[in-house]
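Peer 1: My questions all concern the structure below.
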Amino acid sequence: MSRVLLRQSTYAYSILRSHVFELMETLDEGTIQPGARVLVKPNFLVAAPPETAVVTHPLVTRAVVEYVLQQGGRPQVSDSPAMGSFERVLRQSGTREALRDLPVVCKPFETSRSADIGRPFGRIDIAEDALDADVIINLPKLKTHNLTGMTLGVKNLFGCVVGLQKPGWHVKMGTNVEMLCRLFILLHERLKPRITLLDGILALEGAGPGRGGTPRPVGVLLAATDTYRLDEAACRLVGVDPERLPISRLARNMGFVGDTERAFCVAEGEVPTIVPFKLPATGTSLGAVGVFQGVVRRFLLAKPVIDSACCNLCGACRAICPASAITEASHNLVFDYNRCIRCYCCTEVCPQGALRVRESVPGRILTQLKKHKCGQAI
């Protein structure tokens with residue numbers, strides 16, 4: 001059975017480093033050979049300090065880089081932020097300072113190469129640095145997400161799609177969340193990270209994955225070679241049924257998660273009891289098509305709304321919106337909900353956390369009915 005390792009940990013570096021090295025040594029099994037090109041892929045959504053719990057903590061990244069160096073590997077830390085420059089993310093997250101004395105390459109994903117990920121997508125553009133790496137170490141953050149409920153290990157690899165190609169995929173998928181999640185899963189299968197290590201020491205609940213969410217101490221690291229099982233374990237740890245989340249549900253339906261007993265492998269102590277996370281209002285996540293798509297979008301899907309008191313009209317949401325559904329008029333933001341595809345990219349990148357997701361009354365009723373049917377409310 002694939003193991004999901006858990007350590008109760010802290011950002012005190014001597015403790016954290018010890019735990020990260022223990023997890024890596026247990027799972028690595030000699031994969032990182034001297035001279036190997038090792039891509040370390042953190043979650044660098046936007047420029048944000050570590051106390052916001054929006055990005056992978058810089059000391060987690062440092063500990064993994066140190067481990068790679070100890071094995072003789074050549075580490076490279078890379079991502080493609082949703083908004084802003086990679087260098088700004090490095091500085092504001094504290095990662096640049098954390099890595100300043102280590103021989104590690106830090107660079108954004110910039111160039112892509114076409115690669116086949118399978119039907120129905122065929123060949124898509126993926127960062128060359130990800131395709132050419134000998135080993136990928138995946139460092140997601142434990143966070144909620146306005147579109148997929150949670151953003152964990154599988155979705156973190158969507159950052160290997162470069163720049164504006166990411167919102168471009170949102171446009172192509174429209175409101176079909178299941179198809180978008182299929183893309184995430186097939187991209188993960190193409191890249192196949194060797195180890196996924198989840199930073200859940202300080203997590204994010206509520207209207208994540210950006211500054212609209214609420215930081216929450218959880219105090220754990222999770223690690224596994226099987227990203228799907230790690231994601232399911234992380235969900236159960238915070239009181240979320242994986243079957244309620246489109247990525248985990250689809251991964252099971254596609255045969256990437258077996259039916260073996262779901263359990264942590266804990267070296268010391270017990271799995272902590274954590275009060276269930278507050279999830280965002282993600283609506284019904286229906287993959288409507290054809291004539292019904294407009295009806296679903298208008299009446300059932302949750303929509304982004306603005307808190308004008310917090311907004312400073314920085315323009316980040318307008319710049320990222322793949323549907324060009326946000327305009328500015330009379331010193332206020334205006335949403336065209338007929339154009340809005342409900343990707344919630346705007347809520348992810350808002351530096352002030354001024355955007356929220358509001359569920360419609362019919363959508364809320366349908367969500368409650370679905371929860372009752374599944375036998376577990378989230």
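Residue numbering restarts at 1 for every chain of the structure tokens, chains are lettered A, B, ... in their displayed order, and ligands are numbered from 1 as they appear.
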If you run DSSP on this backbone, which residues of region 179-334 of chain A come out as alpha helix (DSSP H), and could you give them as a ChimeraX atom specification?
Peer 2: /A:179-191,227-237,246-253,293-299,316-320
Peer 1: What are the nearest atom pairs, with distances in Å to one decimal, for all residues of region 71-155 of chain A that come at most 12 Å from region 317-340 of chain A, using only C-alpha atoms, set out by chain and rising residue number as CSV?
Peer 2:
```
residue,atom,partner,partner_atom,distance
A:Pro81,CA,A:Ile320,CA,11.2
A:Ala82,CA,A:Ile320,CA,7.8
A:Met83,CA,A:Ile320,CA,7.3
A:Gly84,CA,A:Ile320,CA,10.3
```
Peer 1: Which residues are close to Arg62 (chain A), i.e. within 9 Å by only C-alpha atoms, leaving aside same-chain residues fewer than 3 positions away? Reply as a PyMOL selection string.
Peer 2: chain A and resi 17+57-59+65-67+95+98-99+102
Peer 1: Let me see the file: selected residues, all heavy atoms, as an mmCIF file, in the first residue's frame.
Peer 2:
```
data_model
loop_
_atom_site.group_PDB
_atom_site.id
_atom_site.type_symbol
_atom_site.label_atom_id
_atom_site.label_comp_id
_atom_site.auth_asym_id
_atom_site.auth_seq_id
_atom_site.Cartn_x
_atom_site.Cartn_y
_atom_site.Cartn_z
ATOM 1 N N ARG A 17 13.889 21.052 9.482
ATOM 2 C CA ARG A 17 14.885 20.404 8.626
ATOM 3 C C ARG A 17 14.997 18.918 8.950
ATOM 4 O O ARG A 17 15.076 18.074 8.052
ATOM 5 C CB ARG A 17 16.245 21.086 8.794
ATOM 6 C CG ARG A 17 17.336 20.562 7.865
ATOM 7 C CD ARG A 17 18.652 21.278 8.138
ATOM 8 N NE ARG A 17 19.698 20.907 7.190
ATOM 9 C CZ ARG A 17 20.459 19.844 7.283
ATOM 10 N NH1 ARG A 17 20.294 19.007 8.320
ATOM 11 N NH2 ARG A 17 21.394 19.580 6.369
ATOM 12 N N HIS A 57 5.993 27.694 2.359
ATOM 13 C CA HIS A 57 6.869 28.416 3.275
ATOM 14 C C HIS A 57 8.321 28.313 2.802
ATOM 15 O O HIS A 57 8.791 27.241 2.396
ATOM 16 C CB HIS A 57 6.751 27.858 4.692
ATOM 17 C CG HIS A 57 7.296 28.777 5.739
ATOM 18 N ND1 HIS A 57 8.651 28.876 6.000
ATOM 19 C CD2 HIS A 57 6.681 29.657 6.574
ATOM 20 C CE1 HIS A 57 8.844 29.757 6.968
ATOM 21 N NE2 HIS A 57 7.660 30.253 7.328
ATOM 22 N N PRO A 58 9.072 29.428 2.850
ATOM 23 C CA PRO A 58 10.443 29.421 2.333
ATOM 24 C C PRO A 58 11.364 28.434 3.029
ATOM 25 O O PRO A 58 12.287 27.895 2.405
ATOM 26 C CB PRO A 58 10.914 30.866 2.545
ATOM 27 C CG PRO A 58 10.008 31.433 3.596
ATOM 28 C CD PRO A 58 8.689 30.773 3.356
ATOM 29 N N LEU A 59 11.123 28.163 4.301
ATOM 30 C CA LEU A 59 12.008 27.227 5.008
ATOM 31 C C LEU A 59 11.739 25.779 4.617
ATOM 32 O O LEU A 59 12.634 24.937 4.692
ATOM 33 C CB LEU A 59 11.881 27.424 6.518
ATOM 34 C CG LEU A 59 12.363 28.785 7.034
ATOM 35 C CD1 LEU A 59 12.234 28.872 8.548
ATOM 36 C CD2 LEU A 59 13.805 29.063 6.604
ATOM 37 N N VAL A 65 15.743 21.763 -0.686
ATOM 38 C CA VAL A 65 16.927 22.072 -1.504
ATOM 39 C C VAL A 65 18.185 21.546 -0.825
ATOM 40 O O VAL A 65 19.072 20.965 -1.480
ATOM 41 C CB VAL A 65 17.021 23.588 -1.759
ATOM 42 C CG1 VAL A 65 18.382 23.963 -2.341
ATOM 43 C CG2 VAL A 65 15.909 24.036 -2.703
ATOM 44 N N GLU A 66 18.283 21.723 0.479
ATOM 45 C CA GLU A 66 19.453 21.203 1.198
ATOM 46 C C GLU A 66 19.550 19.689 1.073
ATOM 47 O O GLU A 66 20.653 19.129 0.908
ATOM 48 C CB GLU A 66 19.378 21.598 2.676
ATOM 49 C CG GLU A 66 19.783 23.022 2.961
ATOM 50 C CD GLU A 66 20.084 23.219 4.440
ATOM 51 O OE1 GLU A 66 21.154 22.744 4.887
ATOM 52 O OE2 GLU A 66 19.254 23.823 5.131
ATOM 53 N N TYR A 67 18.415 19.009 1.133
ATOM 54 C CA TYR A 67 18.428 17.555 0.996
ATOM 55 C C TYR A 67 18.927 17.154 -0.393
ATOM 56 O O TYR A 67 19.748 16.244 -0.530
ATOM 57 C CB TYR A 67 17.038 16.973 1.242
ATOM 58 C CG TYR A 67 17.000 15.481 1.012
ATOM 59 C CD1 TYR A 67 17.429 14.602 1.991
ATOM 60 C CD2 TYR A 67 16.571 14.956 -0.216
ATOM 61 C CE1 TYR A 67 17.440 13.231 1.767
ATOM 62 C CE2 TYR A 67 16.572 13.595 -0.445
ATOM 63 C CZ TYR A 67 17.006 12.735 0.548
ATOM 64 O OH TYR A 67 17.022 11.388 0.322
ATOM 65 N N THR A 95 11.605 33.554 0.144
ATOM 66 C CA THR A 95 12.355 32.435 -0.434
ATOM 67 C C THR A 95 13.734 32.867 -0.913
ATOM 68 O O THR A 95 14.717 32.125 -0.763
ATOM 69 C CB THR A 95 11.562 31.810 -1.585
ATOM 70 O OG1 THR A 95 10.238 31.466 -1.122
ATOM 71 C CG2 THR A 95 12.245 30.557 -2.105
ATOM 72 N N ALA A 98 15.865 32.980 2.080
ATOM 73 C CA ALA A 98 16.063 31.643 2.645
ATOM 74 C C ALA A 98 17.081 30.824 1.859
ATOM 75 O O ALA A 98 17.783 29.977 2.421
ATOM 76 C CB ALA A 98 14.728 30.897 2.702
ATOM 77 N N LEU A 99 17.205 31.097 0.549
ATOM 78 C CA LEU A 99 18.087 30.294 -0.307
ATOM 79 C C LEU A 99 19.388 31.002 -0.675
ATOM 80 O O LEU A 99 20.191 30.457 -1.436
ATOM 81 C CB LEU A 99 17.344 29.921 -1.598
ATOM 82 C CG LEU A 99 16.060 29.108 -1.455
ATOM 83 C CD1 LEU A 99 15.439 28.862 -2.829
ATOM 84 C CD2 LEU A 99 16.298 27.790 -0.733
ATOM 85 N N LEU A 102 22.777 29.134 -0.705
ATOM 86 C CA LEU A 102 22.812 27.784 -1.260
ATOM 87 C C LEU A 102 23.038 27.828 -2.772
ATOM 88 O O LEU A 102 22.524 28.718 -3.453
ATOM 89 C CB LEU A 102 21.490 27.050 -0.972
ATOM 90 C CG LEU A 102 21.135 26.839 0.498
ATOM 91 C CD1 LEU A 102 19.776 26.146 0.617
ATOM 92 C CD2 LEU A 102 22.207 26.041 1.227
#
```
Peer 1: When you draw a straight line from CA of Asp226 (chain A) to CA of Thr148 (chain A), how long is it in Å?
Peer 2: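 Those two atoms sit 19.7 Å apart.
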Peer 1: Report, in Å to a single decimal, how far apart CA of Arg3 (chain A) and CA of Asn43 (chain A) are.
Peer 2: 22.7 Å
Peer 1: If we count only C-alpha atoms, what is near Glu189 (chain A) at a cut-off of 10 Å, once residues fewer than 2 positions away on the same chain are taken out, given as a list in words?
Peer 2: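 Final neighbour list, sorted by chain and number: Ile117, Gly118, Val154, Leu183, Phe184, Ile185, Leu186, Leu187, Leu191, Lys192, Pro193 and Phe256 of chain A.
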Peer 1: List the neighbours of Glu348 (chain A) out to 12 Å using only C-alpha atoms; skip same-chain residues closer than 2 positions along the sequence, and give me the result as a PyMOL selection string.
Peer 2: chain A and resi 44-48+54-55+81-83+143-147+151+167+207-213+304+316-317+320-321+343-346+350-357
Peer 1: Of the residues A:Cys106, A:Leu198, A:Ala127, A:Leu5, which is the one nearest to Gly163 (chain A), using only C-alpha atoms?
Peer 2: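 That would be A:Ala127, the residue with the smallest distance to Gly163 (chain A).
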Peer 1: Using Å and a single decimal, report how far CA of Ile126 (chain A) sits from CA of Asn138 (chain A).
Peer 2: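 Here the two named atoms are 15.7 Å from each other.
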Peer 1: For region 234-245 of chain A, work out the shell of residues within 7 Å, counting only C-alpha atoms and skipping chain neighbours fewer than 4 positions away, then give it as a list in words.
Peer 2: Thr148, Gly149, Leu230, Arg249, Ile274, Val275, Pro276, Phe277 and Ile378 of chain A
Peer 1: For a quick check of understanding, using only C-alpha atoms, which of A:Asp101, A:Asp79, A:Asp132, A:Asp307 has the smallest distance to Leu157 (chain A)?
Peer 2: A:Asp79
